$ cat coords09.pdb   # PDB, C-alpha atoms, pLDDT in the B column
ATOM      1  CA  MET A   1     -12.333  -6.499  14.795  1.00 59.00           C
ATOM      2  CA  SER A   2     -12.158  -2.752  15.103  1.00 84.00           C
ATOM      3  CA  VAL A   3      -8.995  -0.743  15.551  1.00 85.00           C
ATOM      4  CA  SER A   4      -9.013   2.209  17.920  1.00 92.00           C
ATOM      5  CA  LEU A   5      -7.692   5.649  17.030  1.00 95.00           C
ATOM      6  CA  TYR A   6      -5.052   5.167  19.722  1.00 95.00           C
ATOM      7  CA  GLU A   7      -3.761   1.894  18.270  1.00 94.00           C
ATOM      8  CA  ALA A   8      -3.908   3.151  14.673  1.00 95.00           C
ATOM      9  CA  SER A   9      -1.947   6.298  15.483  1.00 96.00           C
ATOM     10  CA  VAL A  10      -0.038   6.235  18.766  1.00 96.00           C
ATOM     11  CA  GLY A  11       0.606   2.495  18.479  1.00 95.00           C
ATOM     12  CA  ARG A  12       2.151   2.968  15.028  1.00 96.00           C
ATOM     13  CA  PHE A  13       4.100   6.069  16.061  1.00 97.00           C
ATOM     14  CA  LEU A  14       5.601   4.205  19.011  1.00 96.00           C
ATOM     15  CA  GLN A  15       6.576   1.203  16.893  1.00 95.00           C
ATOM     16  CA  THR A  16       8.351   3.363  14.332  1.00 96.00           C
ATOM     17  CA  LEU A  17       9.909   5.757  16.849  1.00 97.00           C
ATOM     18  CA  GLY A  18      11.392   2.695  18.553  1.00 96.00           C
ATOM     19  CA  ALA A  19      12.783   1.625  15.199  1.00 96.00           C
ATOM     20  CA  VAL A  20      14.119   5.122  14.487  1.00 97.00           C
ATOM     21  CA  SER A  21      15.832   5.141  17.867  1.00 96.00           C
ATOM     22  CA  GLY A  22      17.381   1.780  17.053  1.00 95.00           C
ATOM     23  CA  TYR A  23      18.697   2.763  13.651  1.00 95.00           C
ATOM     24  CA  LEU A  24      20.042   6.021  15.051  1.00 97.00           C
ATOM     25  CA  ASP A  25      21.988   3.966  17.598  1.00 96.00           C
ATOM     26  CA  LYS A  26      23.338   1.785  14.785  1.00 96.00           C
ATOM     27  CA  GLY A  27      24.272   4.931  12.864  1.00 96.00           C
ATOM     28  CA  ARG A  28      26.205   6.269  15.847  1.00 96.00           C
ATOM     29  CA  SER A  29      28.038   2.964  16.330  1.00 96.00           C
ATOM     30  CA  HIS A  30      28.867   2.722  12.633  1.00 96.00           C
ATOM     31  CA  CYS A  31      30.301   6.239  12.585  1.00 96.00           C
ATOM     32  CA  GLU A  32      32.344   5.685  15.737  1.00 96.00           C
ATOM     33  CA  GLU A  33      33.718   2.355  14.482  1.00 96.00           C
ATOM     34  CA  ASN A  34      34.642   3.882  11.099  1.00 96.00           C
ATOM     35  CA  ASN A  35      35.933   7.270  12.309  1.00 96.00           C
ATOM     36  CA  MET A  36      33.129   9.097  10.514  1.00 94.00           C
ATOM     37  CA  ASP A  37      31.857  12.506  11.597  1.00 94.00           C
ATOM     38  CA  LEU A  38      28.300  12.116  12.940  1.00 92.00           C
ATOM     39  CA  ASN A  39      27.501  15.693  12.032  1.00 90.00           C
ATOM     40  CA  GLU A  40      28.297  14.963   8.389  1.00 92.00           C
ATOM     41  CA  ILE A  41      25.280  12.654   8.442  1.00 95.00           C
ATOM     42  CA  VAL A  42      23.164  15.394  10.017  1.00 95.00           C
ATOM     43  CA  GLU A  43      23.666  17.526   6.887  1.00 94.00           C
ATOM     44  CA  THR A  44      23.352  14.685   4.344  1.00 96.00           C
ATOM     45  CA  ARG A  45      20.648  14.893   1.693  1.00 95.00           C
ATOM     46  CA  LEU A  46      19.495  12.126  -0.635  1.00 94.00           C
ATOM     47  CA  TYR A  47      19.310  14.636  -3.459  1.00 95.00           C
ATOM     48  CA  PRO A  48      20.368  18.301  -3.624  1.00 94.00           C
ATOM     49  CA  ASP A  49      16.794  19.644  -3.555  1.00 95.00           C
ATOM     50  CA  MET A  50      15.763  17.471  -0.579  1.00 94.00           C
ATOM     51  CA  LEU A  51      16.110  18.618   3.003  1.00 93.00           C
ATOM     52  CA  PRO A  52      18.845  17.045   5.176  1.00 95.00           C
ATOM     53  CA  PHE A  53      18.781  14.202   7.683  1.00 96.00           C
ATOM     54  CA  ARG A  54      18.285  16.721  10.516  1.00 95.00           C
ATOM     55  CA  PHE A  55      15.038  17.952   8.952  1.00 95.00           C
ATOM     56  CA  GLN A  56      13.749  14.399   8.479  1.00 96.00           C
ATOM     57  CA  LEU A  57      14.054  13.644  12.190  1.00 96.00           C
ATOM     58  CA  ILE A  58      12.562  16.960  13.266  1.00 95.00           C
ATOM     59  CA  GLN A  59       9.570  16.051  11.109  1.00 95.00           C
ATOM     60  CA  VAL A  60       9.375  12.547  12.610  1.00 97.00           C
ATOM     61  CA  ALA A  61       8.917  14.156  16.036  1.00 95.00           C
ATOM     62  CA  SER A  62       6.537  16.834  14.746  1.00 95.00           C
ATOM     63  CA  LEU A  63       4.348  14.390  12.848  1.00 96.00           C
ATOM     64  CA  SER A  64       4.008  11.996  15.791  1.00 97.00           C
ATOM     65  CA  LEU A  65       3.836  13.651  19.216  1.00 97.00           C
ATOM     66  CA  GLY A  66       3.386  17.062  17.600  1.00 96.00           C
ATOM     67  CA  ALA A  67       0.447  15.737  15.572  1.00 97.00           C
ATOM     68  CA  ILE A  68      -1.293  14.296  18.623  1.00 97.00           C
ATOM     69  CA  ASN A  69      -0.727  17.565  20.487  1.00 97.00           C
ATOM     70  CA  GLY A  70      -2.122  19.415  17.472  1.00 97.00           C
ATOM     71  CA  VAL A  71      -5.242  17.258  17.480  1.00 97.00           C
ATOM     72  CA  ARG A  72      -5.681  17.906  21.188  1.00 97.00           C
ATOM     73  CA  ALA A  73      -5.358  21.664  20.584  1.00 97.00           C
ATOM     74  CA  GLY A  74      -7.536  21.578  17.455  1.00 97.00           C
ATOM     75  CA  GLU A  75      -4.751  23.065  15.348  1.00 97.00           C
ATOM     76  CA  TYR A  76      -1.540  21.653  13.892  1.00 96.00           C
ATOM     77  CA  SER A  77       1.288  23.711  12.443  1.00 92.00           C
ATOM     78  CA  PRO A  78       4.664  22.391  11.343  1.00 88.00           C
ATOM     79  CA  PRO A  79       7.629  23.272  13.529  1.00 82.00           C
ATOM     80  CA  PRO A  80       9.632  26.431  12.852  1.00 80.00           C
ATOM     81  CA  PRO A  81      12.454  26.284  10.277  1.00 70.00           C
ATOM     82  CA  PRO A  82      14.940  23.501  10.988  1.00 65.00           C
ATOM     83  CA  GLN A  83      17.079  24.091  14.003  1.00 75.00           C
ATOM     84  CA  ASP A  84      20.794  23.306  13.947  1.00 87.00           C
ATOM     85  CA  LEU A  85      20.617  20.137  15.988  1.00 93.00           C
ATOM     86  CA  ASP A  86      23.552  17.740  16.175  1.00 95.00           C
ATOM     87  CA  TYR A  87      23.230  13.952  16.030  1.00 96.00           C
ATOM     88  CA  GLN A  88      22.832  13.559  19.800  1.00 96.00           C
ATOM     89  CA  GLU A  89      20.186  16.281  19.944  1.00 95.00           C
ATOM     90  CA  LEU A  90      18.281  14.496  17.169  1.00 96.00           C
ATOM     91  CA  GLN A  91      18.445  11.255  19.149  1.00 97.00           C
ATOM     92  CA  ASP A  92      17.141  13.168  22.175  1.00 97.00           C
ATOM     93  CA  LEU A  93      14.307  14.679  20.089  1.00 96.00           C
ATOM     94  CA  VAL A  94      13.181  11.217  18.977  1.00 97.00           C
ATOM     95  CA  ALA A  95      13.393   9.945  22.578  1.00 98.00           C
ATOM     96  CA  GLU A  96      11.315  12.903  23.819  1.00 97.00           C
ATOM     97  CA  ALA A  97       8.617  12.261  21.202  1.00 97.00           C
ATOM     98  CA  ARG A  98       8.548   8.595  22.144  1.00 97.00           C
ATOM     99  CA  SER A  99       8.365   9.378  25.856  1.00 97.00           C
ATOM    100  CA  GLY A 100       5.571  11.912  25.342  1.00 97.00           C
ATOM    101  CA  LEU A 101       3.512   9.404  23.374  1.00 97.00           C
ATOM    102  CA  GLN A 102       4.071   6.687  25.979  1.00 97.00           C
ATOM    103  CA  GLN A 103       2.427   8.955  28.541  1.00 97.00           C
ATOM    104  CA  LEU A 104      -0.821   9.170  26.568  1.00 96.00           C
ATOM    105  CA  THR A 105      -3.697   6.879  27.432  1.00 96.00           C
ATOM    106  CA  ALA A 106      -5.947   5.132  24.960  1.00 96.00           C
ATOM    107  CA  GLU A 107      -8.936   6.873  26.542  1.00 97.00           C
ATOM    108  CA  VAL A 108      -7.515  10.333  25.895  1.00 96.00           C
ATOM    109  CA  VAL A 109      -6.589   9.629  22.274  1.00 96.00           C
ATOM    110  CA  ASN A 110      -9.773   7.699  21.452  1.00 96.00           C
ATOM    111  CA  GLY A 111     -11.733  10.586  22.937  1.00 96.00           C
ATOM    112  CA  LEU A 112     -10.339  12.858  20.195  1.00 96.00           C
ATOM    113  CA  ALA A 113     -12.291  11.024  17.476  1.00 95.00           C
ATOM    114  CA  GLY A 114     -14.375  13.406  15.400  1.00 95.00           C
ATOM    115  CA  LYS A 115     -12.614  16.503  16.694  1.00 96.00           C
ATOM    116  CA  GLU A 116     -11.863  19.204  14.124  1.00 97.00           C
ATOM    117  CA  VAL A 117      -8.189  19.863  13.392  1.00 97.00           C
ATOM    118  CA  ARG A 118      -7.114  22.919  11.424  1.00 96.00           C
ATOM    119  CA  THR A 119      -3.792  23.064   9.600  1.00 94.00           C
ATOM    120  CA  PRO A 120      -2.330  25.877   7.470  1.00 93.00           C
ATOM    121  CA  TRP A 121      -3.581  23.958   4.430  1.00 92.00           C
ATOM    122  CA  TRP A 122      -6.755  22.028   5.284  1.00 94.00           C
ATOM    123  CA  THR A 123      -9.262  21.221   7.995  1.00 96.00           C
ATOM    124  CA  PHE A 124      -9.721  17.596   9.017  1.00 96.00           C
ATOM    125  CA  THR A 125     -11.358  15.413  11.595  1.00 96.00           C
ATOM    126  CA  ALA A 126      -8.845  13.939  14.023  1.00 96.00           C
ATOM    127  CA  GLU A 127      -9.056  10.589  12.225  1.00 95.00           C
ATOM    128  CA  GLY A 128      -8.632  12.167   8.795  1.00 96.00           C
ATOM    129  CA  PHE A 129      -5.650  14.217   9.909  1.00 96.00           C
ATOM    130  CA  LEU A 130      -3.855  11.335  11.605  1.00 97.00           C
ATOM    131  CA  MET A 131      -4.597   8.695   8.953  1.00 95.00           C
ATOM    132  CA  SER A 132      -4.310  10.712   5.729  1.00 95.00           C
ATOM    133  CA  PHE A 133      -1.727  13.363   6.559  1.00 96.00           C
ATOM    134  CA  SER A 134       0.247  12.730   9.727  1.00 96.00           C
ATOM    135  CA  LEU A 135       0.990   8.996   9.444  1.00 97.00           C
ATOM    136  CA  PRO A 136       1.908   8.989   5.728  1.00 97.00           C
ATOM    137  CA  SER A 137       4.142  12.044   6.223  1.00 96.00           C
ATOM    138  CA  PHE A 138       5.666  10.511   9.364  1.00 97.00           C
ATOM    139  CA  TYR A 139       6.554   7.327   7.461  1.00 97.00           C
ATOM    140  CA  PHE A 140       7.991   9.359   4.572  1.00 97.00           C
ATOM    141  CA  HIS A 141      10.405  11.188   6.863  1.00 97.00           C
ATOM    142  CA  ALA A 142      11.298   8.076   8.906  1.00 97.00           C
ATOM    143  CA  THR A 143      12.057   6.257   5.645  1.00 97.00           C
ATOM    144  CA  THR A 144      14.122   9.134   4.277  1.00 97.00           C
ATOM    145  CA  ALA A 145      16.249   9.264   7.454  1.00 97.00           C
ATOM    146  CA  TYR A 146      16.723   5.484   7.232  1.00 96.00           C
ATOM    147  CA  ASP A 147      17.723   5.791   3.562  1.00 97.00           C
ATOM    148  CA  ILE A 148      20.282   8.489   4.351  1.00 97.00           C
ATOM    149  CA  LEU A 149      21.910   6.200   6.916  1.00 96.00           C
ATOM    150  CA  ARG A 150      21.987   3.399   4.325  1.00 96.00           C
ATOM    151  CA  THR A 151      23.756   5.691   1.838  1.00 95.00           C
ATOM    152  CA  LYS A 152      26.417   6.240   4.512  1.00 95.00           C
ATOM    153  CA  GLY A 153      26.974   2.499   4.834  1.00 94.00           C
ATOM    154  CA  VAL A 154      25.133   1.953   8.115  1.00 94.00           C
ATOM    155  CA  PRO A 155      24.266  -1.770   8.241  1.00 93.00           C
ATOM    156  CA  VAL A 156      20.517  -1.573   8.737  1.00 92.00           C
ATOM    157  CA  GLY A 157      17.834  -3.657   7.075  1.00 88.00           C
ATOM    158  CA  LYS A 158      14.084  -3.943   6.833  1.00 90.00           C
ATOM    159  CA  LEU A 159      13.680  -5.385  10.334  1.00 86.00           C
ATOM    160  CA  ASP A 160      15.537  -2.350  11.712  1.00 82.00           C
ATOM    161  CA  PHE A 161      12.943  -0.142  10.011  1.00 89.00           C
ATOM    162  CA  LEU A 162       9.980  -2.196  11.193  1.00 86.00           C
ATOM    163  CA  GLY A 163      11.007  -2.149  14.847  1.00 81.00           C
ATOM    164  CA  GLN A 164       9.239  -4.287  17.398  1.00 78.00           C
ATOM    165  CA  LEU A 165       6.334  -6.022  15.719  1.00 73.00           C
ATOM    166  CA  ASN A 166       3.060  -6.715  17.478  1.00 69.00           C
ATOM    167  CA  ILE A 167       3.077 -10.499  16.941  1.00 66.00           C
ATOM    168  CA  LYS A 168       0.626 -12.738  18.730  1.00 64.00           C
ATOM    169  CA  ALA A 169       2.301 -15.965  19.760  1.00 61.00           C
TER
END
$ encode --input "coords09.pdb" --output "structure tokens"
Amino acid sequence: MSVSLYEASVGRFLQTLGAVSGYLDKGRSHCEENNMDLNEIVETRLYPDMLPFRFQLIQVASLSLGAINGVRAGEYSPPPPPQDLDYQELQDLVAEARSGLQQLTAEVVNGLAGKEVRTPWWTFTAEGFLMSFSLPSFYFHATTAYDILRTKGVPVGKLDFLGQLNIKA
């Protein structure tokens, strides 16, 4: 069985973006139920030298839809310095990335195979960029955002992180 570039990248991005959307909703509900300031979470860091929750979600969008757009253009650059987005704007950013990916077809993404992609650091093939840089970085930032919510007491677990699984019945 072979796995297409679309399924290996866009399929995984969509699964995790759905999960991110879900745990952001749980974070909002938890804060509202416990009279917590949502924007306090936006500025939370796991450790003083790590970037805040806001940055993690900006990267989730950049490393998913932004990565596919970079492959299509032949060049990927990270987004500009973190914008001051509030919790709702971060939820909207994740929803926009998810929506943009849902509009892509397998034919378009699979047709990118072998294409050269330049970054500020390295040059890759589309497959190399998506599999060795974009996806691992995407998961890192999605996990860090999840972990920040956990430190704030949001009741999320592993299934919340996994999102909707592709299970064959």
$ resolve_selection --input "coords09.pdb" --expression "the PyMOL selection byres ((chain A and resi 77) around 6)" --output "list in words"
Tyr76, Pro78 and Thr119 of chain A
$ axis_aligned_box --input "coords09.pdb" --around "range 114-132 of chain A" --padding-each-side "5 Å" --output "JSON"
{"center_x": -8.4, "center_y": 17.3, "center_z": 10.6, "size_x": 22.0, "size_y": 27.2, "size_z": 22.3}
$ closest_residue --input "coords09.pdb" --among "A:Leu85, A:Ala106, A:Leu5, A:Val94" --to "Asn39 in chain A" --atoms "only C-alpha atoms"
A:Leu85
$ resolve_selection --input "coords09.pdb" --expression "the PyMOL selection byres ((chain A and resi 21-27) around 9)" --output "list in words"
Thr16, Leu17, Gly18, Ala19, Val20, Arg28, Ser29, His30, Cys31, Glu32, Leu38, Ile41, Tyr87, Leu90, Gln91, Val94, Ala95, Tyr146, Leu149, Arg150, Lys152, Gly153, Val154, Pro155, Val156, Asp160, Phe161 and Gly163 of chain A
$ write_last_selection --input "coords09.pdb" --atoms "C-alpha atoms" --output "PDB file, in the coordinates of the input"
ATOM      1  CA  THR A  16       8.351   3.363  14.332  1.00 96.00           C
ATOM      2  CA  LEU A  17       9.909   5.757  16.849  1.00 97.00           C
ATOM      3  CA  GLY A  18      11.392   2.695  18.553  1.00 96.00           C
ATOM      4  CA  ALA A  19      12.783   1.625  15.199  1.00 96.00           C
ATOM      5  CA  VAL A  20      14.119   5.122  14.487  1.00 97.00           C
ATOM      6  CA  ARG A  28      26.205   6.269  15.847  1.00 96.00           C
ATOM      7  CA  SER A  29      28.038   2.964  16.330  1.00 96.00           C
ATOM      8  CA  HIS A  30      28.867   2.722  12.633  1.00 96.00           C
ATOM      9  CA  CYS A  31      30.301   6.239  12.585  1.00 96.00           C
ATOM     10  CA  GLU A  32      32.344   5.685  15.737  1.00 96.00           C
ATOM     11  CA  LEU A  38      28.300  12.116  12.940  1.00 92.00           C
ATOM     12  CA  ILE A  41      25.280  12.654   8.442  1.00 95.00           C
ATOM     13  CA  TYR A  87      23.230  13.952  16.030  1.00 96.00           C
ATOM     14  CA  LEU A  90      18.281  14.496  17.169  1.00 96.00           C
ATOM     15  CA  GLN A  91      18.445  11.255  19.149  1.00 97.00           C
ATOM     16  CA  VAL A  94      13.181  11.217  18.977  1.00 97.00           C
ATOM     17  CA  ALA A  95      13.393   9.945  22.578  1.00 98.00           C
ATOM     18  CA  TYR A 146      16.723   5.484   7.232  1.00 96.00           C
ATOM     19  CA  LEU A 149      21.910   6.200   6.916  1.00 96.00           C
ATOM     20  CA  ARG A 150      21.987   3.399   4.325  1.00 96.00           C
ATOM     21  CA  LYS A 152      26.417   6.240   4.512  1.00 95.00           C
ATOM     22  CA  GLY A 153      26.974   2.499   4.834  1.00 94.00           C
ATOM     23  CA  VAL A 154      25.133   1.953   8.115  1.00 94.00           C
ATOM     24  CA  PRO A 155      24.266  -1.770   8.241  1.00 93.00           C
ATOM     25  CA  VAL A 156      20.517  -1.573   8.737  1.00 92.00           C
ATOM     26  CA  ASP A 160      15.537  -2.350  11.712  1.00 82.00           C
ATOM     27  CA  PHE A 161      12.943  -0.142  10.011  1.00 89.00           C
ATOM     28  CA  GLY A 163      11.007  -2.149  14.847  1.00 81.00           C
TER      29      GLY A 163
END
$ closest_residue --input "coords09.pdb" --among "A:Thr44, A:Ser2, A:Thr125, A:Gln102" --to "Thr151 in chain A" --atoms "all atoms listed in the file"
A:Thr44
$ residues_near_point --input "coords09.pdb" --point "(3.2, 10.6, 13.0)" --cutoff "8 Å" --atoms "only C-alpha atoms" --output "compact mmCIF listing (two decimals) with C-alpha atoms, in the frame of the given file"
# COMPACT_ATOMS: atom_id res chain seq x y z
CA SER A 9 -1.95 6.30 15.48
CA VAL A 10 -0.04 6.24 18.77
CA ARG A 12 2.15 2.97 15.03
CA PHE A 13 4.10 6.07 16.06
CA VAL A 60 9.38 12.55 12.61
CA ALA A 61 8.92 14.16 16.04
CA SER A 62 6.54 16.83 14.75
CA LEU A 63 4.35 14.39 12.85
CA SER A 64 4.01 12.00 15.79
CA LEU A 65 3.84 13.65 19.22
CA GLY A 66 3.39 17.06 17.60
CA ALA A 67 0.45 15.74 15.57
CA LEU A 130 -3.86 11.34 11.60
CA SER A 134 0.25 12.73 9.73
CA LEU A 135 0.99 9.00 9.44
CA PRO A 136 1.91 8.99 5.73
CA SER A 137 4.14 12.04 6.22
CA PHE A 138 5.67 10.51 9.36
CA TYR A 139 6.55 7.33 7.46
$ decode --input "coords09.pdb" --residues "range 142-161 of chain A" --atoms "N, CA, C and O atoms" --output "PDB file, in the first residue's frame"
ATOM      1  N   ALA A 142       1.708  22.187  17.816  1.00  0.00           N
ATOM      2  CA  ALA A 142       0.375  21.738  18.245  1.00  0.00           C
ATOM      3  C   ALA A 142       0.454  21.110  19.633  1.00  0.00           C
ATOM      4  O   ALA A 142      -0.426  21.329  20.478  1.00  0.00           O
ATOM      5  N   THR A 143       1.506  20.351  19.883  1.00  0.00           N
ATOM      6  CA  THR A 143       1.705  19.727  21.196  1.00  0.00           C
ATOM      7  C   THR A 143       1.983  20.773  22.262  1.00  0.00           C
ATOM      8  O   THR A 143       1.452  20.696  23.374  1.00  0.00           O
ATOM      9  N   THR A 144       2.791  21.756  21.948  1.00  0.00           N
ATOM     10  CA  THR A 144       3.118  22.798  22.922  1.00  0.00           C
ATOM     11  C   THR A 144       1.867  23.594  23.297  1.00  0.00           C
ATOM     12  O   THR A 144       1.647  23.884  24.487  1.00  0.00           O
ATOM     13  N   ALA A 145       1.029  23.923  22.329  1.00  0.00           N
ATOM     14  CA  ALA A 145      -0.225  24.635  22.636  1.00  0.00           C
ATOM     15  C   ALA A 145      -1.111  23.767  23.526  1.00  0.00           C
ATOM     16  O   ALA A 145      -1.686  24.257  24.510  1.00  0.00           O
ATOM     17  N   TYR A 146      -1.215  22.489  23.201  1.00  0.00           N
ATOM     18  CA  TYR A 146      -1.984  21.545  24.020  1.00  0.00           C
ATOM     19  C   TYR A 146      -1.436  21.528  25.447  1.00  0.00           C
ATOM     20  O   TYR A 146      -2.189  21.602  26.427  1.00  0.00           O
ATOM     21  N   ASP A 147      -0.124  21.431  25.581  1.00  0.00           N
ATOM     22  CA  ASP A 147       0.512  21.371  26.900  1.00  0.00           C
ATOM     23  C   ASP A 147       0.258  22.641  27.712  1.00  0.00           C
ATOM     24  O   ASP A 147       0.057  22.571  28.927  1.00  0.00           O
ATOM     25  N   ILE A 148       0.256  23.783  27.054  1.00  0.00           N
ATOM     26  CA  ILE A 148      -0.032  25.033  27.764  1.00  0.00           C
ATOM     27  C   ILE A 148      -1.455  25.001  28.312  1.00  0.00           C
ATOM     28  O   ILE A 148      -1.692  25.375  29.468  1.00  0.00           O
ATOM     29  N   LEU A 149      -2.403  24.527  27.523  1.00  0.00           N
ATOM     30  CA  LEU A 149      -3.777  24.417  28.026  1.00  0.00           C
ATOM     31  C   LEU A 149      -3.844  23.468  29.220  1.00  0.00           C
ATOM     32  O   LEU A 149      -4.549  23.736  30.202  1.00  0.00           O
ATOM     33  N   ARG A 150      -3.115  22.368  29.155  1.00  0.00           N
ATOM     34  CA  ARG A 150      -3.097  21.418  30.285  1.00  0.00           C
ATOM     35  C   ARG A 150      -2.561  22.093  31.538  1.00  0.00           C
ATOM     36  O   ARG A 150      -3.070  21.860  32.637  1.00  0.00           O
ATOM     37  N   THR A 151      -1.519  22.920  31.395  1.00  0.00           N
ATOM     38  CA  THR A 151      -0.956  23.582  32.586  1.00  0.00           C
ATOM     39  C   THR A 151      -1.956  24.552  33.203  1.00  0.00           C
ATOM     40  O   THR A 151      -1.844  24.883  34.378  1.00  0.00           O
ATOM     41  N   LYS A 152      -2.927  24.993  32.417  1.00  0.00           N
ATOM     42  CA  LYS A 152      -3.966  25.897  32.911  1.00  0.00           C
ATOM     43  C   LYS A 152      -5.190  25.133  33.430  1.00  0.00           C
ATOM     44  O   LYS A 152      -6.204  25.738  33.755  1.00  0.00           O
ATOM     45  N   GLY A 153      -5.084  23.810  33.468  1.00  0.00           N
ATOM     46  CA  GLY A 153      -6.164  23.011  34.026  1.00  0.00           C
ATOM     47  C   GLY A 153      -7.254  22.610  33.059  1.00  0.00           C
ATOM     48  O   GLY A 153      -8.282  22.064  33.465  1.00  0.00           O
ATOM     49  N   VAL A 154      -7.072  22.877  31.774  1.00  0.00           N
ATOM     50  CA  VAL A 154      -8.089  22.506  30.787  1.00  0.00           C
ATOM     51  C   VAL A 154      -8.152  20.973  30.716  1.00  0.00           C
ATOM     52  O   VAL A 154      -7.120  20.316  30.544  1.00  0.00           O
ATOM     53  N   PRO A 155      -9.344  20.406  30.878  1.00  0.00           N
ATOM     54  CA  PRO A 155      -9.479  18.946  30.919  1.00  0.00           C
ATOM     55  C   PRO A 155      -9.449  18.305  29.532  1.00  0.00           C
ATOM     56  O   PRO A 155     -10.472  17.920  28.977  1.00  0.00           O
ATOM     57  N   VAL A 156      -8.251  18.208  28.986  1.00  0.00           N
ATOM     58  CA  VAL A 156      -8.065  17.548  27.697  1.00  0.00           C
ATOM     59  C   VAL A 156      -7.158  16.338  27.905  1.00  0.00           C
ATOM     60  O   VAL A 156      -6.351  16.301  28.822  1.00  0.00           O
ATOM     61  N   GLY A 157      -7.321  15.361  27.047  1.00  0.00           N
ATOM     62  CA  GLY A 157      -6.516  14.148  27.113  1.00  0.00           C
ATOM     63  C   GLY A 157      -5.994  13.771  25.742  1.00  0.00           C
ATOM     64  O   GLY A 157      -6.156  14.507  24.769  1.00  0.00           O
ATOM     65  N   LYS A 158      -5.394  12.611  25.673  1.00  0.00           N
ATOM     66  CA  LYS A 158      -4.754  12.156  24.442  1.00  0.00           C
ATOM     67  C   LYS A 158      -5.727  12.109  23.262  1.00  0.00           C
ATOM     68  O   LYS A 158      -5.372  12.497  22.150  1.00  0.00           O
ATOM     69  N   LEU A 159      -6.943  11.647  23.497  1.00  0.00           N
ATOM     70  CA  LEU A 159      -7.908  11.581  22.386  1.00  0.00           C
ATOM     71  C   LEU A 159      -8.254  12.970  21.863  1.00  0.00           C
ATOM     72  O   LEU A 159      -8.533  13.128  20.676  1.00  0.00           O
ATOM     73  N   ASP A 160      -8.223  13.980  22.746  1.00  0.00           N
ATOM     74  CA  ASP A 160      -8.433  15.360  22.281  1.00  0.00           C
ATOM     75  C   ASP A 160      -7.300  15.779  21.357  1.00  0.00           C
ATOM     76  O   ASP A 160      -7.514  16.509  20.394  1.00  0.00           O
ATOM     77  N   PHE A 161      -6.083  15.331  21.632  1.00  0.00           N
ATOM     78  CA  PHE A 161      -4.947  15.680  20.782  1.00  0.00           C
ATOM     79  C   PHE A 161      -4.989  14.919  19.460  1.00  0.00           C
ATOM     80  O   PHE A 161      -4.636  15.457  18.418  1.00  0.00           O
TER      81      PHE A 161
END
